[in-house]
Every structure is written in C-alpha cells, then in structure tokens.
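The next block is target_18.txt, given as compact mmCIF, N, CA and C atoms.
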# COMPACT_ATOMS: atom_id res chain seq x y z
N MET D 1 -8.94 24.87 -38.86
CA MET D 1 -8.61 25.62 -37.67
C MET D 1 -9.21 24.97 -36.42
N LYS D 2 -10.45 24.47 -36.56
CA LYS D 2 -11.12 23.82 -35.44
C LYS D 2 -10.36 22.56 -35.02
N ARG D 3 -9.81 21.80 -35.99
CA ARG D 3 -9.03 20.60 -35.68
C ARG D 3 -7.76 20.96 -34.92
N LEU D 4 -7.12 22.03 -35.30
CA LEU D 4 -5.88 22.46 -34.65
C LEU D 4 -6.14 22.82 -33.19
N ILE D 5 -7.22 23.56 -32.95
CA ILE D 5 -7.57 23.95 -31.58
C ILE D 5 -7.90 22.71 -30.75
N CYS D 6 -8.66 21.78 -31.32
CA CYS D 6 -9.00 20.53 -30.61
C CYS D 6 -7.74 19.72 -30.33
N GLY D 7 -6.81 19.67 -31.27
CA GLY D 7 -5.55 18.94 -31.08
C GLY D 7 -4.72 19.54 -29.98
N ILE D 8 -4.61 20.86 -29.96
CA ILE D 8 -3.85 21.54 -28.91
C ILE D 8 -4.50 21.30 -27.55
N PHE D 9 -5.82 21.39 -27.51
CA PHE D 9 -6.55 21.14 -26.27
C PHE D 9 -6.31 19.71 -25.78
N ALA D 10 -6.34 18.74 -26.68
CA ALA D 10 -6.13 17.34 -26.31
C ALA D 10 -4.73 17.14 -25.73
N VAL D 11 -3.71 17.72 -26.36
CA VAL D 11 -2.34 17.61 -25.85
C VAL D 11 -2.23 18.26 -24.48
N PHE D 12 -2.84 19.43 -24.31
CA PHE D 12 -2.83 20.11 -23.03
C PHE D 12 -3.46 19.23 -21.94
N MET D 13 -4.59 18.60 -22.23
CA MET D 13 -5.28 17.75 -21.25
C MET D 13 -4.44 16.53 -20.88
N ILE D 14 -3.74 15.97 -21.85
CA ILE D 14 -2.88 14.81 -21.56
C ILE D 14 -1.80 15.21 -20.56
N PHE D 15 -1.16 16.36 -20.80
CA PHE D 15 -0.12 16.81 -19.87
C PHE D 15 -0.71 17.18 -18.51
N ALA D 16 -1.87 17.79 -18.51
CA ALA D 16 -2.50 18.17 -17.25
C ALA D 16 -2.85 16.94 -16.42
N LEU D 17 -3.39 15.92 -17.05
CA LEU D 17 -3.74 14.70 -16.33
C LEU D 17 -2.51 13.94 -15.88
N ALA D 18 -1.45 13.98 -16.65
CA ALA D 18 -0.21 13.32 -16.25
C ALA D 18 0.35 13.96 -14.99
N GLY D 19 0.13 15.25 -14.81
CA GLY D 19 0.58 15.96 -13.63
C GLY D 19 -0.19 15.58 -12.38
N CYS D 20 -1.31 14.91 -12.51
CA CYS D 20 -2.12 14.51 -11.36
C CYS D 20 -1.68 13.18 -10.78
N LYS D 21 -0.67 12.57 -11.34
CA LYS D 21 -0.17 11.28 -10.85
C LYS D 21 0.25 11.43 -9.40
N SER D 22 -0.10 10.46 -8.57
CA SER D 22 0.28 10.49 -7.16
C SER D 22 1.76 10.20 -7.01
N GLY D 23 2.45 11.02 -6.21
CA GLY D 23 3.85 10.77 -5.91
C GLY D 23 4.78 11.51 -6.83
N VAL D 24 6.07 11.33 -6.53
CA VAL D 24 7.15 11.95 -7.28
C VAL D 24 8.10 10.85 -7.70
N ALA D 25 8.71 10.96 -8.87
CA ALA D 25 9.63 9.93 -9.33
C ALA D 25 10.67 9.66 -8.26
N GLY D 26 10.88 8.39 -7.93
CA GLY D 26 11.85 8.02 -6.93
C GLY D 26 11.35 8.16 -5.50
N ASN D 27 10.16 8.67 -5.32
CA ASN D 27 9.62 8.86 -3.99
C ASN D 27 8.11 8.66 -4.04
N SER D 28 7.67 7.55 -4.59
CA SER D 28 6.24 7.34 -4.81
C SER D 28 5.51 7.12 -3.49
N ARG D 29 4.36 7.74 -3.38
CA ARG D 29 3.52 7.65 -2.20
C ARG D 29 2.07 7.53 -2.63
N SER D 30 1.29 6.91 -1.80
CA SER D 30 -0.13 6.83 -2.08
C SER D 30 -0.78 8.12 -1.59
N ALA D 31 -2.07 8.24 -1.79
CA ALA D 31 -2.78 9.46 -1.42
C ALA D 31 -2.69 9.77 0.07
N ASP D 32 -2.53 8.75 0.93
CA ASP D 32 -2.43 9.00 2.37
C ASP D 32 -1.01 9.31 2.82
N GLY D 33 -0.07 9.40 1.87
CA GLY D 33 1.30 9.78 2.20
C GLY D 33 2.21 8.61 2.49
N SER D 34 1.68 7.40 2.52
CA SER D 34 2.53 6.27 2.84
C SER D 34 3.23 5.76 1.59
N SER D 35 4.40 5.22 1.78
CA SER D 35 5.12 4.61 0.67
C SER D 35 4.82 3.12 0.73
N GLY D 36 5.36 2.36 -0.19
CA GLY D 36 5.16 0.92 -0.17
C GLY D 36 5.80 0.29 1.04
N ASP D 37 6.86 0.91 1.56
CA ASP D 37 7.58 0.43 2.73
C ASP D 37 6.96 1.08 3.96
N GLU D 38 6.49 0.27 4.91
CA GLU D 38 5.79 0.81 6.07
C GLU D 38 6.66 1.77 6.87
N TYR D 39 7.95 1.46 7.00
CA TYR D 39 8.88 2.31 7.75
C TYR D 39 10.05 2.70 6.85
N ALA D 40 9.80 3.57 5.90
CA ALA D 40 10.82 3.95 4.93
C ALA D 40 11.83 4.95 5.49
N TYR D 41 11.48 5.64 6.59
CA TYR D 41 12.32 6.69 7.14
C TYR D 41 12.55 6.47 8.63
N SER D 42 13.61 7.08 9.14
CA SER D 42 13.87 6.99 10.57
C SER D 42 14.65 8.22 11.02
N PHE D 43 14.63 8.45 12.32
CA PHE D 43 15.45 9.50 12.93
C PHE D 43 15.69 9.13 14.38
N LYS D 44 16.70 9.76 14.96
CA LYS D 44 17.04 9.53 16.37
C LYS D 44 16.71 10.78 17.17
N GLY D 45 16.45 10.56 18.47
CA GLY D 45 16.15 11.67 19.34
C GLY D 45 16.13 11.24 20.79
N SER D 46 15.74 12.17 21.65
CA SER D 46 15.65 11.93 23.09
C SER D 46 14.24 12.23 23.57
N ILE D 47 13.74 11.38 24.44
CA ILE D 47 12.39 11.57 24.97
C ILE D 47 12.39 12.71 25.98
N LEU D 48 11.50 13.67 25.75
CA LEU D 48 11.34 14.81 26.65
C LEU D 48 10.24 14.56 27.67
N GLU D 49 9.11 14.00 27.21
CA GLU D 49 7.97 13.76 28.09
C GLU D 49 7.29 12.46 27.69
N VAL D 50 6.77 11.76 28.69
CA VAL D 50 6.04 10.51 28.46
C VAL D 50 4.59 10.72 28.88
N TYR D 51 3.68 10.38 27.99
CA TYR D 51 2.25 10.48 28.25
C TYR D 51 1.64 9.09 28.17
N ASP D 52 0.37 8.98 28.48
CA ASP D 52 -0.33 7.71 28.36
C ASP D 52 -0.57 7.41 26.88
N GLY D 53 0.23 6.55 26.28
CA GLY D 53 0.05 6.16 24.89
C GLY D 53 0.83 6.97 23.88
N SER D 54 1.66 7.93 24.34
CA SER D 54 2.48 8.70 23.40
C SER D 54 3.70 9.28 24.12
N VAL D 55 4.65 9.74 23.32
CA VAL D 55 5.85 10.38 23.86
C VAL D 55 6.15 11.63 23.04
N LEU D 56 6.81 12.60 23.69
CA LEU D 56 7.30 13.79 23.02
C LEU D 56 8.81 13.64 22.88
N ILE D 57 9.31 13.76 21.66
CA ILE D 57 10.72 13.49 21.37
C ILE D 57 11.38 14.75 20.82
N LEU D 58 12.58 15.06 21.34
CA LEU D 58 13.42 16.10 20.78
C LEU D 58 14.27 15.46 19.70
N ILE D 59 14.10 15.91 18.46
CA ILE D 59 14.80 15.32 17.32
C ILE D 59 16.26 15.77 17.32
N ASP D 60 17.18 14.84 17.08
CA ASP D 60 18.60 15.16 17.04
C ASP D 60 18.92 16.14 15.92
N GLU D 61 19.92 16.99 16.18
CA GLU D 61 20.43 17.90 15.15
C GLU D 61 20.92 17.07 13.97
N GLY D 62 20.73 17.58 12.76
CA GLY D 62 21.24 16.91 11.57
C GLY D 62 20.28 15.90 10.95
N GLU D 63 19.18 15.58 11.63
CA GLU D 63 18.20 14.65 11.06
C GLU D 63 17.36 15.40 10.02
N ASP D 64 17.03 14.71 8.90
CA ASP D 64 16.28 15.35 7.82
C ASP D 64 14.94 15.91 8.28
N ILE D 65 14.24 15.20 9.13
CA ILE D 65 12.92 15.64 9.59
C ILE D 65 13.00 16.93 10.39
N ARG D 66 14.18 17.24 10.88
CA ARG D 66 14.37 18.45 11.70
C ARG D 66 14.08 19.73 10.92
N SER D 67 14.12 19.67 9.59
CA SER D 67 13.79 20.85 8.78
C SER D 67 12.31 21.22 8.92
N SER D 68 11.50 20.30 9.42
CA SER D 68 10.07 20.57 9.62
C SER D 68 9.75 20.97 11.06
N GLY D 69 10.61 20.61 12.00
CA GLY D 69 10.38 20.94 13.40
C GLY D 69 11.39 20.25 14.28
N ASP D 70 11.52 20.73 15.53
CA ASP D 70 12.51 20.16 16.43
C ASP D 70 11.94 19.12 17.40
N LYS D 71 10.63 19.09 17.54
CA LYS D 71 9.98 18.13 18.44
C LYS D 71 8.89 17.39 17.69
N VAL D 72 8.64 16.15 18.14
CA VAL D 72 7.60 15.34 17.50
C VAL D 72 6.86 14.54 18.56
N SER D 73 5.56 14.47 18.41
CA SER D 73 4.72 13.63 19.26
C SER D 73 4.43 12.34 18.51
N VAL D 74 4.69 11.21 19.18
CA VAL D 74 4.53 9.91 18.54
C VAL D 74 3.70 9.01 19.45
N GLY D 75 2.65 8.43 18.90
CA GLY D 75 1.87 7.46 19.63
C GLY D 75 2.64 6.15 19.70
N CYS D 76 2.74 5.57 20.90
CA CYS D 76 3.49 4.32 21.04
C CYS D 76 3.10 3.59 22.30
N ASP D 77 3.41 2.32 22.33
CA ASP D 77 3.27 1.49 23.52
C ASP D 77 4.68 1.13 23.95
N GLY D 78 4.89 1.00 25.21
CA GLY D 78 6.21 0.60 25.68
C GLY D 78 6.58 1.35 26.94
N GLU D 79 7.67 0.93 27.52
CA GLU D 79 8.16 1.53 28.75
C GLU D 79 9.27 2.52 28.41
N PHE D 80 8.95 3.79 28.44
CA PHE D 80 9.93 4.84 28.17
C PHE D 80 9.96 5.80 29.34
N LYS D 81 11.10 6.48 29.51
CA LYS D 81 11.19 7.51 30.53
C LYS D 81 11.92 8.71 29.95
N ASN D 82 11.77 9.85 30.58
CA ASN D 82 12.42 11.07 30.12
C ASN D 82 13.92 10.83 29.99
N GLY D 83 14.49 11.29 28.87
CA GLY D 83 15.93 11.15 28.64
C GLY D 83 16.32 9.92 27.85
N ASP D 84 15.40 8.97 27.68
CA ASP D 84 15.72 7.77 26.88
C ASP D 84 16.12 8.17 25.47
N ARG D 85 17.15 7.54 24.93
CA ARG D 85 17.54 7.72 23.53
C ARG D 85 16.73 6.73 22.71
N VAL D 86 16.14 7.21 21.61
CA VAL D 86 15.27 6.35 20.80
C VAL D 86 15.56 6.56 19.31
N ILE D 87 15.15 5.56 18.54
CA ILE D 87 15.09 5.69 17.10
C ILE D 87 13.63 5.49 16.71
N VAL D 88 13.16 6.36 15.82
CA VAL D 88 11.75 6.32 15.40
C VAL D 88 11.71 5.95 13.93
N TYR D 89 10.94 4.93 13.60
CA TYR D 89 10.73 4.50 12.22
C TYR D 89 9.33 4.93 11.82
N TYR D 90 9.21 5.53 10.62
CA TYR D 90 7.90 5.99 10.16
C TYR D 90 7.83 5.91 8.63
N GLY D 91 6.61 5.99 8.11
CA GLY D 91 6.38 5.82 6.69
C GLY D 91 6.58 7.06 5.85
N GLY D 92 6.80 8.20 6.45
CA GLY D 92 7.03 9.41 5.69
C GLY D 92 5.96 10.46 5.82
N TYR D 93 4.79 10.09 6.30
CA TYR D 93 3.68 11.04 6.44
C TYR D 93 3.80 11.75 7.79
N VAL D 94 4.03 13.06 7.76
CA VAL D 94 4.23 13.86 8.97
C VAL D 94 3.18 14.96 9.01
N LEU D 95 2.46 15.04 10.12
CA LEU D 95 1.53 16.15 10.32
C LEU D 95 2.34 17.35 10.78
N GLU D 96 2.33 18.41 9.99
CA GLU D 96 3.16 19.57 10.27
C GLU D 96 2.47 20.51 11.25
N THR D 97 2.33 20.04 12.48
CA THR D 97 1.81 20.82 13.59
C THR D 97 3.01 21.15 14.48
N TYR D 98 2.79 21.81 15.59
CA TYR D 98 3.88 21.97 16.55
C TYR D 98 3.42 21.45 17.89
N PRO D 99 4.03 20.43 18.41
CA PRO D 99 5.11 19.69 17.77
C PRO D 99 4.59 18.87 16.59
N LEU D 100 5.52 18.41 15.75
CA LEU D 100 5.14 17.53 14.64
C LEU D 100 4.42 16.32 15.20
N THR D 101 3.62 15.66 14.37
CA THR D 101 2.90 14.47 14.81
C THR D 101 3.12 13.34 13.82
N LEU D 102 3.44 12.17 14.34
CA LEU D 102 3.58 10.97 13.51
C LEU D 102 2.56 9.94 13.97
N ASN D 103 1.81 9.40 13.03
CA ASN D 103 0.89 8.30 13.32
C ASN D 103 1.44 7.04 12.68
N GLY D 104 1.28 5.92 13.33
CA GLY D 104 1.73 4.65 12.78
C GLY D 104 3.24 4.49 12.77
N ALA D 105 3.91 5.16 13.68
CA ALA D 105 5.37 5.06 13.79
C ALA D 105 5.75 3.99 14.81
N LYS D 106 7.01 3.56 14.74
CA LYS D 106 7.54 2.58 15.67
C LYS D 106 8.70 3.23 16.41
N VAL D 107 8.69 3.15 17.75
CA VAL D 107 9.72 3.76 18.58
C VAL D 107 10.48 2.65 19.31
N GLU D 108 11.81 2.69 19.21
CA GLU D 108 12.65 1.71 19.89
C GLU D 108 13.74 2.41 20.69
N LYS D 109 14.01 1.90 21.89
CA LYS D 109 15.12 2.41 22.69
C LYS D 109 16.43 2.03 22.04
N ILE D 110 17.42 2.92 22.15
CA ILE D 110 18.77 2.61 21.67
C ILE D 110 19.75 2.94 22.78
N SER D 111 20.89 2.33 22.74
CA SER D 111 21.93 2.65 23.73
C SER D 111 23.08 3.29 22.99
N GLU D 112 23.45 4.46 23.45
CA GLU D 112 24.56 5.19 22.81
C GLU D 112 25.51 5.67 23.87
Structure translated into structure tokens:
Amino acid sequence: MKRLICGIFAVFMIFALAGCKSGVAGNSRSADGSSGDEYAYSFKGSILEVYDGSVLILIDEGEDIRSSGDKVSVGCDGEFKNGDRVIVYYGGYVLETYPLTLNGAKVEKISE
C-alpha cells in the first residue's frame, strides 16, 4: 500500500512540475514575457500626444492588442507629431495599465 501511495505521489509531482514550464505550446516566452523574436507582434495606430522620450498612441480598431486597451504609451526616439500614423513592433510583453505600456518597442511612421 505504501508503494502505491508513493507511486501516485510521484506521478502527481511529474505532472505538477510539467505544468511549471515557461510558455504555452506555439507561443513560447521566457520569464520576462519576451519571445525569441524581439518584435514578434505589431499593430497600427495614431499618435495622440508626444512627450519627451515617449508617445501616446490610439490603437486602431480591429488590432489584437485592442482587447487589452485602446491607448498605449510607448517609449521611443524620433520625430513624431500628433496625428502621425504609426506601426509599433513589440515582443509581446504588455503592461496592463491604463494606458497600456510597452517597453522595448519600435515605432515607425507609415503613410496611408
């Protein structure tokens, strides 16, 4: 009986530890939320406000990230002005604040 209980406990521990694996099949991420690809995701939007070293962007309707929020603050360097259309590339790690916050993202102007 003692062997049976130990065997069941061992199987339970194996499954429990397997559940601690970082990431999800097909969407693997490290502990900091980054994937192997530095800019695995992107979205388009319009700049609402420009600050020293960051911009506030209104995310376009229909973008996947929009399910988390409609605005995002992104740290960036560059010459942007209110109303500029941009595409933002990011690694997938989003701080779910309001507005959303992306660190380590790349912002580029687009013409549409």
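Closest approach to Asp64 of chain D among D:Arg85, D:Lys44, D:Ser111, D:Glu79: D:Lys44, based on only N, CA and C atoms.
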key: Minimum-distance residue to Val55 of chain D, chosen among D:Ala105, D:Ile8, D:Val94, D:Ile110 (using only C-alpha atoms)   = D:Ala105
message = Restricting the calculation to all atoms listed in the file: of D:Lys71, D:Arg66, D:Arg3, D:Lys109, which residue gets closest to Val86 of chain D?
response = D:Lys109
Exercise on segment 84-87 of chain D, axis-aligned box with 4 Å per side, report centre and edge lengths in Å to one decimal, as lines of an AutoDock Vina configuration file:
center_x = 15.6
center_y = 7.2
center_z = 22.2
size_x = 11.9
size_y = 11.5
size_z = 19.0
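From atom N of Ile47 of chain D back to atom N of Gly92 of chain D, the distance works out to 19.5 Å.
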query = Which residue out of D:Gly69, D:Gly83, D:Gly62, D:Gly7 has the minimum interatomic distance to Tyr98 of chain D when all atoms listed in the file are used?
reply = D:Gly69
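Computed from the coordinates, the atom C of Asp60 of chain D to atom CA of Ser46 of chain D distance equals 8.9 Å.
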